[in-house]
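All remarks here apply to the structure that follows.
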Amino acid sequence: MLNSIDPKSAVPIYLQIIGQIRRQVAAGVLAPGDQLPSVRELAAQLIINPNTAARVYRDLERDGLLETRRGQGTYISPTAAALAESERKSLVSERMAEAVGEARSLGLSDDAILKLFRDALARRQG
Amino acid sequence: MRSLIAKEFRQNHLLVWLGFLMSAMIAALYYAWMRTHVETVRDQRDLDEFCGIILLLTTGVVVLVSTAGLFSIETTRGTLPFLLGLPVSRARIWLAKGLAGLAIAISSALLLIVPIAIVLPQVVREIHIWLYLPDIVVGVLLLFSVAFFCTTVFQRPISVLLVTVIMLAVVLIGETAFLSSAGPILGYDDLFDATLISLFLVPAFLLASLFTFSRGELLATRRKWGLAVFGLLALIAFVLLAITGATRWAYRYSRAGVRGVDATSFPPHGAALQFSAYGSPAPFQRDAARGWVKEEGPYRSRHTVMLDLKTARELMVFPLRGWNRQADVAVSPDGRHLVEKNPGWFGMNSERMAIWDLRSRRRIYDGMPARSRNAVLGRGSETSWSPSGDWLVVPILSLGAPVQVPDRPGQMGRPRQRYGLLLMRPDGSRHVELDLWEEPEVFSPGQWSKDKQRWIVGWAWAPDGSALYTLTGGGLVSRVAVPGRETEKVWSGPAPGVVLPAGYLWRFSRLSVSPDGRWLEIPAHASPPYRESPAVSGDAEQLAAPPLPEAAIVVSAGGSRAFTIAARQFPSAIWSPDGRVLYLVDTTDNKLVIYCWRAGDDKAVPVAAPPKTPVVKVEALRSGSLLIWGNDRTYLVDEQGRFTVPRNEQMRSLPEDHELIGVDDQGRLILRSFKPSNQLSACDFSTGKFAKLYP
Amino acid sequence: MSADAITTESHLGDYAVVTHTLTRRFGRKLALDSVSARVSVGSIYGLMGPNGAGKTTFIRCLLNLINPTSGSGTVLGHDMVRDSVAARRKIGHVAALQPLWEWMTVRELANFMAGCYPRWNQDAVKAVLSPVGIDPNDKIQELSRGQRTLAALAVAIGHQPELLLLDEALTGLDPISRREVLRNVIDVMHAENRTVLITGQDIADMERICDHVGFLIKGRLFWESTLDDLKARVKRIRIEHPGGPQPQVPANALRVERAARETEFTVTDFTRDLVESLAAPGRRVEMLDLSLEDIFVDLAQPQLAAAGPAPDAPVKVPA
């Protein structure tokens with residue numbers, strides 16, 4: 001299920017939720033056809049403004065991750081699978097871009113950065 | 001709205017039972033006290049009366065306590081913002097609390113009074129609850145409205161109670177002060193108007209409360225509103241009082257609403273009649289013969305009316321002054337003036353005399369001559385007004401050094417001022433002092449009774465008003481010319497033809513003058529001289545002694561002729577209007593004794609009247625006959641001394657439905673009817689015709 | 001507003017509450033100083049401020065419990081003063097620790113309220129009470145503090161109000177009760193045209209649920225905007241300048257902190273251009289997001305420190 005949100009975080013609440021849902025879709029936790037809680041239920045569960053919950057669903061629907069079936073609720077759309085792949089990649093590349101930016105600002109060279117990546121891969125092998 | 005009222009009832013329902021609890025307590029205390037302290041009937045009556053007062057006070061307390069918390073509790077507990085946040089206008093909230101509060105206060109009061117009325121009816125009787133019901137209701141409403149106002153202004157129920165009590169005291173003091181000072185000017189003269197004023201104050205306080213609650217806000221700002229509003233309140237009250245006063249002042253000259261009369265004062269040969277008229281029935285004591293009214297019980301609107309008997313028109317209407325309702329009133333024989341004397345507080349020398357001009361309806365004299373004493377108006381045959389109405393006689397203490405009068409020989413005695421007479425004009429402008437003590441002032445023990453004989457004990461006017469006859473205790477009749485002071489001795493006793501035992505003296509007390517001015521009637525009785533020994537005269541001794549001689553004496557106006565016309569003295573001497581017949585009447589102990597004397601005869605003739613005849617009044621008629629007014633029938637005595645019963649059945653049974661006030665100068669009987677509702681009428685006894693006089 | 005600005009659309013363009021220069025004096029104290037607030041229909045508006053800022057006074061003016069010294073306002077289209085009874089028919093009000101009639105049971109209170117309003121939904125009331133186990137037959141004096149607030153909330157929403165006013169309603173509540181209150185508040189919003197105005201100092205909770213905010217200090221409303229706009233405009237800038245000269249800080253910067261090689265300050269009008277303008281060789285300029293609490297503190301400090309009225313003009317960001 002959705003984790004509780006951090007209102008204090010730099011990231012707006014709605015983006016946090018969108019991020020969580022995207023991650024779950026990417027990880028396959030949420031499969032196409034799975035039903036999501038209604039806007040009302042979502043707001044009540046997370047204790048957030050219903051407008052925010054509505055916005056979450058609106059944006060995800062705009063991006064094609066969700067579809068609303070009239071009178072039936074909100075479901076993960078079939079196209080989500082296709083997006084999943086690119087989702088995964090874009091999520092990771094975002095992270096990587098952040099890491100690179102951080103490393104560069106600390107003055108590391110490109111080689112040093114690559115070495116760090118390889119070390120991380122090696123560590124995670126097992 | 002129903003929701004609000006229901007909530008108020010549920011919130012305060014315990015207060016309703018407060019009344020019941022108090023009634024149980026009062027009953028318990030009553031019985032406890034009765035068992036331990038009541039021994040006589042008088043004690044029982046005192047207890048009932050006291051308990052009645054306690055009952056009334058407790059009713060007030062219960063009403064106060066029920067009302068004090070209505071708004072202030074919400075403020076103290078902090079629930080007021082919640083209440084005001086409801087979609088109900090403040091006026092509605094106020095109304096809901098007011099209605100519920102009033103219902104609770106009244107229920108509580110009823111639960112207090114009704115059980116007591118059932119269990120202890122004697123207590124409720126003592127306070128005449130039905131009689132005072134309007135006053136009680138108005139009192140409860142006033143209590144409620146003042147408390148309701150205070151509870152909207154003040155925050156704590158205790159402050160509310162305190163301020164309510166203070167405000168009520170202010171209201172009562174204000175009303176009293178207003179009534180006693182402005183009352184006579186505006187025509188207020190009794191407590192009924194106090195009830196009326198209170199009734200006007202009830203809506204004033206309620207409106208002020210509504211104003212405060214709807215304009216005020218939540219907390220301390222309300223206090224400012226309350227104070228400002230109280231000023232508004234005072235203004236409203238003042239306006240209402242002024243309006244009521246103006247209405248009342250206008251009203252006193254109208255007969256509307258006057259339902260009857262109570263006491264009357266009928267001066268001899270009077271052309272006008274003074275009486276009190278009232279608006280609604282009330283129990284009171286009346287002493288019509290003496291011309292004043294003493295009221296007991298609730299006062300209703302009363303004013304004094306001067307009625308011209310010829311035209312049956314109101315000459316004047318004015319309030320009776322002062323706290324003490326007794327006021328002696330007498331009209332001058334010419335109908336021009338009226339003297340009203342108020343005995344003042346508890347008979348202390350604070351008497352005030354007011355003389356009114358009946359034509360201009362203005363008071364022309366207000367005060368009391370210096371050193372005056374005793375009744376100005378006199379009793380019985382001592383008329384104070386001269387026949388022409390020019391002079392008024394006032395007994396005074398004369399100037400000059402007091403004399404020592406020993407009670408018993410051998411004592412130093414007490415200093416006493418000598419008596420004199422003051423003749424004054426009705427407006428007080430001229431007065432003449434008659435100091436009729438002519439003998440030396442020295443008293444010596446053993447002579448005190450003789451010297452007392454020299455004091456003036458009675459006086460009577462000559463019918464033409466030119467002179468005043470004075471009588472001393474020893475029987476010296478003098479004639480004093482008025483307004484000059486020439487004095488001539490007319491007669492000096494003793495009773496002719498009656499022999500006194502040795503050492504006995506004749507004592508005289510009063511005299512009367514015949515209407516034609518030719519004769520003086522003077523009763524006398526003998527009294528033993530003062531005995532030397534101190535251990536003297538118990539009643540036993542006097543009873544054992546033989547009866548003392550008495551005499552009824554007639555003296556000619558010049559003093560040349562004197563007759564003892566009867567061997568006893570009579571309390572009443574009634575002359576026929578033309579002076580030809582004198583009736584001597586004694587009606588003490590329901591024993592009717594009448595003697596009849598025709599002018600010039602040397603003896604009076606006893607009238608054979610049934611001895612046990614209850615007599616209320618005796619008056620001379622124009623025909624020369626004597627009218628005897630009994631309890632339920634009338635009788636007549638003619639000049640020959642014959643005792644008869646009137647032929648006319650209606651005249652015979654007049655006393656059943658009427659009270660005889662007197663006979664006016666036209667010879668009509670002035671009557672006051674018992675039913676319907678106390679009206680005044682004039683009746684011609686010979687023809688039996690009635691004329692309605694008042695209202 | 002910058003390109004990144006996260007704008008919240010206003011839902012209907014209508015306002016549930018509008019006040020015009022609302023002022024209220026108590027003697028010499030100015031409790032509300034020319035407050036012109038606007039609360040959009042369909043929003044959850046958080047009015048924040050320290051103790052004594054005037055929040056309760058503001059709510060009382062809206063309910064016409066007290067009259068404004070000057071200024072005016074409308075609530076749900078009704079004039080605040082002249083038409084307040086009609087307005088109150090559509091308002092539900094819960095105040096912190098509001099005393100209720102202790103002798104009443106919850107059921108009696110509900111029945112009493114039902115009698116005062118044109119419509120009443122007893123199921124809505126039950127829906128608030130049963131999840132926390134409040135029995136309608138309980139007397140109010142037996143309830144705990146949290147239960148009292150929930151009971152008050154229950155009867156406040158029983159008449160399906162269009163505007164719900166919560167005045168420090170979360171103060172002093174245990175976490176469970178607080179959650180329940182918020183959950184119920186959010187549930188209220190489910191229906192059309194519902195608005196919530198919540199005042200208090202529980203900034204963390206308000207951050208979750210509010211979409212509009214207003215800051216009230218010393219009676220003055222010196223900030224009013226959507227939450228997103230607020231967070232977008234108020235940012236903290238950190239400049240690392242090892243070895244370089246001290247950078248020039250914008251004139252309206254708040255909470256300026258200077259160290260030897262680092263300078264931080266808060267700006268209220270953040271744009272990307274600002275960052276670029278501050279960039280210089282040898283400097284690293286970073287933008288930090290602030291939590292609502294931090295924002296509030298940074299904005300409120302100068303207001304509190306000022307002796308008289310706020311030196312800055314109020315910032316109003318149209319929603």
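Quick note on naming: the chains in the structure tokens go A, B, ... in the order shown, residues restart at 1 in each chain, and ligands are numbered from 1 in order of appearance.
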
Shell around Pro32 of chain A at 6 Å using only C-alpha atoms, local window under 3 positions removed, as a VMD selection string: chain A and resid 76 to 78

Store the residues picked out above, limited to C-alpha atoms, as a compact mmCIF listing (two decimals), in the first residue's frame.
# COMPACT_ATOMS: atom_id res chain seq x y z
CA ILE A 76 -4.21 0.96 -13.54
CA SER A 77 -4.41 1.26 -17.29
CA PRO A 78 -3.21 -1.44 -19.68

Spatial neighbours of segment 113-122 of chain A, max dist 9 Å, only C-alpha atoms, sep filter under 4 positions, as a ChimeraX atom specification: /A:100,103-104,108-109,126

Could you save those same residues with C-alpha atoms as a CSV table (one decimal), in the first residue's frame?
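Output (part.csv):
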chain,number,residue,atom,x,y,z
A,100,VAL,CA,26.5,12.9,-11.0
A,103,ALA,CA,29.9,14.3,-7.4
A,104,ARG,CA,30.8,17.0,-9.9
A,108,LEU,CA,35.3,14.4,-8.6
A,109,SER,CA,36.6,13.6,-12.0
A,126,GLY,CA,25.6,-10.7,-4.1

Residues within 7 Å of segment 108-119 of chain B, only C-alpha atoms, excluding chain neighbours under 4 positions, as a PyMOL selection string: chain B and resi 15-20+22-23+27+59+62-63+104+124

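For Pro99 of chain C, the set of protein, DNA and RNA residues having any atom at most 8 Å away, when counting only C-alpha atoms and skipping those fewer than 4 positions along the same chain, is Arg77, Gly78, Thr79 and Phe82 of chain B.
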
Nearest residue to chain A from the set C:Asp289, C:Glu168, C:Asp273, C:Glu192 (distances using only C-alpha atoms): C:Asp289

Expected answer as a PyMOL selection string: chain C residues within 9 Å of chain A, only C-alpha atoms: chain C and resi 42-44+179+182-184+186-187+189-190+204-205+207-211+228+231+284+288-293

Dump of N, CA and C atoms for the selected residues, as a CSV table (one decimal), in the first residue's frame:
chain,number,residue,atom,x,y,z
C,42,GLY,N,-14.7,25.5,-1.7
C,42,GLY,CA,-14.1,24.2,-2.0
C,42,GLY,C,-12.7,24.1,-1.5
C,43,SER,N,-12.2,25.0,-0.7
C,43,SER,CA,-10.8,24.9,-0.3
C,43,SER,C,-10.8,24.6,1.2
C,44,ILE,N,-9.6,24.2,1.6
C,44,ILE,CA,-9.4,24.1,3.1
C,44,ILE,C,-8.4,25.1,3.4
C,179,ARG,N,-6.3,12.6,14.6
C,179,ARG,CA,-6.5,11.9,13.3
C,179,ARG,C,-7.9,11.9,12.9
C,182,LEU,N,-9.3,15.2,11.8
C,182,LEU,CA,-8.9,15.5,10.4
C,182,LEU,C,-9.6,14.6,9.4
C,183,ARG,N,-9.7,13.4,9.7
C,183,ARG,CA,-10.4,12.4,8.8
C,183,ARG,C,-11.8,12.9,8.5
C,184,ASN,N,-12.5,13.3,9.6
C,184,ASN,CA,-13.9,13.7,9.5
C,184,ASN,C,-13.9,15.0,8.7
C,186,ILE,N,-11.9,15.9,6.4
C,186,ILE,CA,-11.7,15.6,5.0
C,186,ILE,C,-13.0,15.0,4.4
C,187,ASP,N,-13.6,14.2,5.2
C,187,ASP,CA,-14.8,13.5,4.7
C,187,ASP,C,-15.9,14.6,4.3
C,189,MET,N,-15.5,17.4,3.1
C,189,MET,CA,-15.1,18.0,1.8
C,189,MET,C,-15.6,17.2,0.6
C,190,HIS,N,-16.0,16.0,0.9
C,190,HIS,CA,-16.4,15.1,-0.2
C,190,HIS,C,-17.5,15.7,-1.0
C,204,ALA,N,2.0,21.3,11.2
C,204,ALA,CA,2.2,20.1,10.5
C,204,ALA,C,0.9,19.5,9.9
C,205,ASP,N,-0.1,19.5,10.8
C,205,ASP,CA,-1.4,19.0,10.3
C,205,ASP,C,-2.0,19.8,9.2
C,207,GLU,N,-0.4,21.5,7.1
C,207,GLU,CA,0.4,21.3,5.9
C,207,GLU,C,-0.2,20.2,5.1
C,208,ARG,N,-0.7,19.2,5.8
C,208,ARG,CA,-1.2,18.0,5.1
C,208,ARG,C,-2.4,18.4,4.3
C,209,ILE,N,-3.3,19.1,5.0
C,209,ILE,CA,-4.7,19.2,4.4
C,209,ILE,C,-5.0,20.5,3.8
C,210,CYS,N,-4.3,21.6,4.2
C,210,CYS,CA,-4.7,22.9,3.6
C,210,CYS,C,-4.2,23.1,2.2
C,211,ASP,N,-5.1,23.7,1.4
C,211,ASP,CA,-4.6,24.1,0.2
C,211,ASP,C,-4.5,25.6,0.0
C,228,ASP,N,0.7,25.8,-2.3
C,228,ASP,CA,1.7,25.5,-3.3
C,228,ASP,C,2.5,26.8,-3.7
C,231,LYS,N,4.9,27.7,-1.0
C,231,LYS,CA,6.1,26.9,-1.1
C,231,LYS,C,7.0,27.2,-2.3
C,284,ARG,N,28.8,28.4,-5.3
C,284,ARG,CA,27.8,27.4,-5.5
C,284,ARG,C,26.5,27.9,-4.9
C,288,LEU,N,17.0,25.6,-1.4
C,288,LEU,CA,16.5,24.7,-0.4
C,288,LEU,C,15.0,24.9,-0.2
C,289,ASP,N,14.2,23.8,-0.2
C,289,ASP,CA,12.8,24.0,0.1
C,289,ASP,C,12.6,24.1,1.6
C,290,LEU,N,11.6,24.8,2.0
C,290,LEU,CA,11.3,25.0,3.4
C,290,LEU,C,9.9,24.3,3.7
C,291,SER,N,9.9,23.8,4.9
C,291,SER,CA,8.6,23.3,5.4
C,291,SER,C,7.7,24.5,5.7
C,292,LEU,N,6.5,24.2,5.9
C,292,LEU,CA,5.5,25.3,6.2
C,292,LEU,C,5.9,25.9,7.5
C,293,GLU,N,6.3,25.1,8.4
C,293,GLU,CA,6.7,25.7,9.7
C,293,GLU,C,7.9,26.6,9.6

Sorted by chain and rising residue number, which residues of chain B lie within 8 Å of chain C, and what are their closest atom pairs and distances in Å to one decimal, counting only C-alpha atoms, as a tab-separated table?
residue	atom	partner	partner_atom	distance
B:Met1	CA	C:Cys116	CA	7.0
B:Arg2	CA	C:Gly115	CA	7.5
B:Ser3	CA	C:Gly115	CA	5.2
B:Leu4	CA	C:Phe112	CA	7.3
B:Lys7	CA	C:Phe112	CA	7.2
B:Gln11	CA	C:Trp103	CA	7.8
B:Arg77	CA	C:Pro99	CA	6.9
B:Gly78	CA	C:Pro99	CA	5.6
B:Thr79	CA	C:Pro99	CA	5.4
B:Pro81	CA	C:Leu65	CA	6.9
B:Phe82	CA	C:Leu100	CA	7.5
B:Leu84	CA	C:Leu65	CA	6.5
B:Gly85	CA	C:Leu63	CA	6.3
B:Leu86	CA	C:Arg88	CA	6.4
B:Pro87	CA	C:Arg88	CA	4.8
B:Val88	CA	C:Val85	CA	6.0
B:Ser89	CA	C:Val85	CA	6.0
B:Glu217	CA	C:Ile66	CA	5.3
B:Leu218	CA	C:Leu65	CA	6.8

Nearby residues (only C-alpha atoms) at most 9 Å from Tyr635 of chain B, same-chain spacing under 6 positions excluded, as a count of residues only: 9

Nearest-residue call for Val125 of chain C, choices C:Gln160, C:Thr226, C:Thr268, C:Asn193, using only C-alpha atoms: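 Ranked by minimum distance to Val125 of chain C, first place goes to C:Gln160.
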
All residues 12 Å or closer to Glu61 of chain A, only C-alpha atoms, same chain fewer than 6 positions away omitted, as a PyMOL selection string: chain A and resi 18+21-22+54-55+67-69+74-80

Non-local contacts of Gln20 of chain A (12 Å; only C-alpha atoms; under 2 positions in same chain excluded) as an NGL selection string: :A and (1-5 or 13-18 or 22-27 or 29-30 or 56 or 60 or 87 or 91)

Those in segment 10-108 of chain A with alpha helix (DSSP H) from DSSP, as a ChimeraX atom specification: /A:13-27,39-46,50-62,79-105

Write out the residues from the selection above, keeping C-alpha atoms, as a PDB file, in the first residue's frame.
ATOM      1  CA  ILE A  13       2.607  15.961  -1.374  1.00  0.00           C
ATOM      2  CA  TYR A  14       1.004  15.197  -4.690  1.00  0.00           C
ATOM      3  CA  LEU A  15       4.340  14.532  -6.292  1.00  0.00           C
ATOM      4  CA  GLN A  16       5.264  12.194  -3.489  1.00  0.00           C
ATOM      5  CA  ILE A  17       2.161  10.141  -4.062  1.00  0.00           C
ATOM      6  CA  ILE A  18       2.603  10.166  -7.820  1.00  0.00           C
ATOM      7  CA  GLY A  19       6.151   9.013  -7.302  1.00  0.00           C
ATOM      8  CA  GLN A  20       5.049   6.189  -5.041  1.00  0.00           C
ATOM      9  CA  ILE A  21       2.431   4.993  -7.471  1.00  0.00           C
ATOM     10  CA  ARG A  22       4.865   5.171 -10.370  1.00  0.00           C
ATOM     11  CA  ARG A  23       7.413   3.196  -8.418  1.00  0.00           C
ATOM     12  CA  GLN A  24       4.916   0.553  -7.581  1.00  0.00           C
ATOM     13  CA  VAL A  25       3.835   0.276 -11.182  1.00  0.00           C
ATOM     14  CA  ALA A  26       7.445   0.081 -12.273  1.00  0.00           C
ATOM     15  CA  ALA A  27       8.169  -2.607  -9.743  1.00  0.00           C
ATOM     16  CA  VAL A  39     -10.269   9.961  -4.362  1.00  0.00           C
ATOM     17  CA  ARG A  40     -12.298  10.111  -1.177  1.00  0.00           C
ATOM     18  CA  GLU A  41     -10.767   6.980   0.233  1.00  0.00           C
ATOM     19  CA  LEU A  42      -7.301   8.046  -0.715  1.00  0.00           C
ATOM     20  CA  ALA A  43      -7.698  11.406   0.963  1.00  0.00           C
ATOM     21  CA  ALA A  44      -9.167   9.781   4.074  1.00  0.00           C
ATOM     22  CA  GLN A  45      -6.425   7.173   4.286  1.00  0.00           C
ATOM     23  CA  LEU A  46      -3.576   9.564   3.884  1.00  0.00           C
ATOM     24  CA  PRO A  50      -9.133  15.741  -1.404  1.00  0.00           C
ATOM     25  CA  ASN A  51      -8.105  18.233  -4.032  1.00  0.00           C
ATOM     26  CA  THR A  52      -4.597  16.916  -3.767  1.00  0.00           C
ATOM     27  CA  ALA A  53      -5.825  13.356  -4.151  1.00  0.00           C
ATOM     28  CA  ALA A  54      -7.908  14.406  -7.112  1.00  0.00           C
ATOM     29  CA  ARG A  55      -4.881  16.054  -8.620  1.00  0.00           C
ATOM     30  CA  VAL A  56      -2.795  12.953  -8.213  1.00  0.00           C
ATOM     31  CA  TYR A  57      -5.268  10.923 -10.176  1.00  0.00           C
ATOM     32  CA  ARG A  58      -5.741  13.647 -12.728  1.00  0.00           C
ATOM     33  CA  ASP A  59      -2.048  13.863 -13.471  1.00  0.00           C
ATOM     34  CA  LEU A  60      -1.592  10.116 -13.608  1.00  0.00           C
ATOM     35  CA  GLU A  61      -4.542   9.819 -15.896  1.00  0.00           C
ATOM     36  CA  ARG A  62      -3.091  12.518 -18.082  1.00  0.00           C
ATOM     37  CA  THR A  79      -0.683   0.919 -21.136  1.00  0.00           C
ATOM     38  CA  ALA A  80       0.987   1.135 -17.763  1.00  0.00           C
ATOM     39  CA  ALA A  81       3.029  -1.907 -18.530  1.00  0.00           C
ATOM     40  CA  ALA A  82       4.513  -0.270 -21.500  1.00  0.00           C
ATOM     41  CA  LEU A  83       5.237   2.775 -19.505  1.00  0.00           C
ATOM     42  CA  ALA A  84       6.663   0.686 -16.794  1.00  0.00           C
ATOM     43  CA  GLU A  85       9.785   0.034 -18.650  1.00  0.00           C
ATOM     44  CA  SER A  86      10.450   3.619 -19.573  1.00  0.00           C
ATOM     45  CA  GLU A  87       9.309   4.513 -16.061  1.00  0.00           C
ATOM     46  CA  ARG A  88      11.989   2.417 -14.573  1.00  0.00           C
ATOM     47  CA  LYS A  89      14.599   3.824 -16.744  1.00  0.00           C
ATOM     48  CA  SER A  90      13.602   7.403 -16.218  1.00  0.00           C
ATOM     49  CA  LEU A  91      13.448   6.990 -12.473  1.00  0.00           C
ATOM     50  CA  VAL A  92      16.926   5.530 -12.309  1.00  0.00           C
ATOM     51  CA  SER A  93      18.399   7.979 -14.724  1.00  0.00           C
ATOM     52  CA  GLU A  94      16.995  10.795 -12.609  1.00  0.00           C
ATOM     53  CA  ARG A  95      18.758   9.380  -9.633  1.00  0.00           C
ATOM     54  CA  MET A  96      21.922   8.943 -11.540  1.00  0.00           C
ATOM     55  CA  ALA A  97      21.800  12.467 -12.804  1.00  0.00           C
ATOM     56  CA  GLU A  98      21.469  13.689  -9.235  1.00  0.00           C
ATOM     57  CA  ALA A  99      24.420  11.596  -8.135  1.00  0.00           C
ATOM     58  CA  VAL A 100      26.537  12.860 -10.977  1.00  0.00           C
ATOM     59  CA  GLY A 101      25.646  16.419 -10.210  1.00  0.00           C
ATOM     60  CA  GLU A 102      26.544  15.920  -6.585  1.00  0.00           C
ATOM     61  CA  ALA A 103      29.850  14.260  -7.449  1.00  0.00           C
ATOM     62  CA  ARG A 104      30.801  16.983  -9.876  1.00  0.00           C
ATOM     63  CA  SER A 105      30.049  19.691  -7.408  1.00  0.00           C
TER      64      SER A 105
END

Those in segment 48-286 of chain C with strand (DSSP E or B) from DSSP, as number ranges by chain: C: 48, 70-75, 78-79, 91-95, 105, 139, 163-167, 195-200, 212-217, 220-226, 235-240, 254-258, 262-267, 284-286

Point-to-point distance from atom CA of His20 of chain C to atom CA of Ala37 of chain C, Å rounded to tenths: 7.2 Å

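Distance-wise, atom CA of Ala562 of chain B and atom CA of Pro496 of chain B end up 6.8 Å apart.
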
Given only C-alpha atoms as the counted atoms, nearest of C:Ala279, C:Ala305, C:Leu166, C:Val106 to Asp135 of chain C: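 Nearest to Asp135 of chain C: C:Val106.
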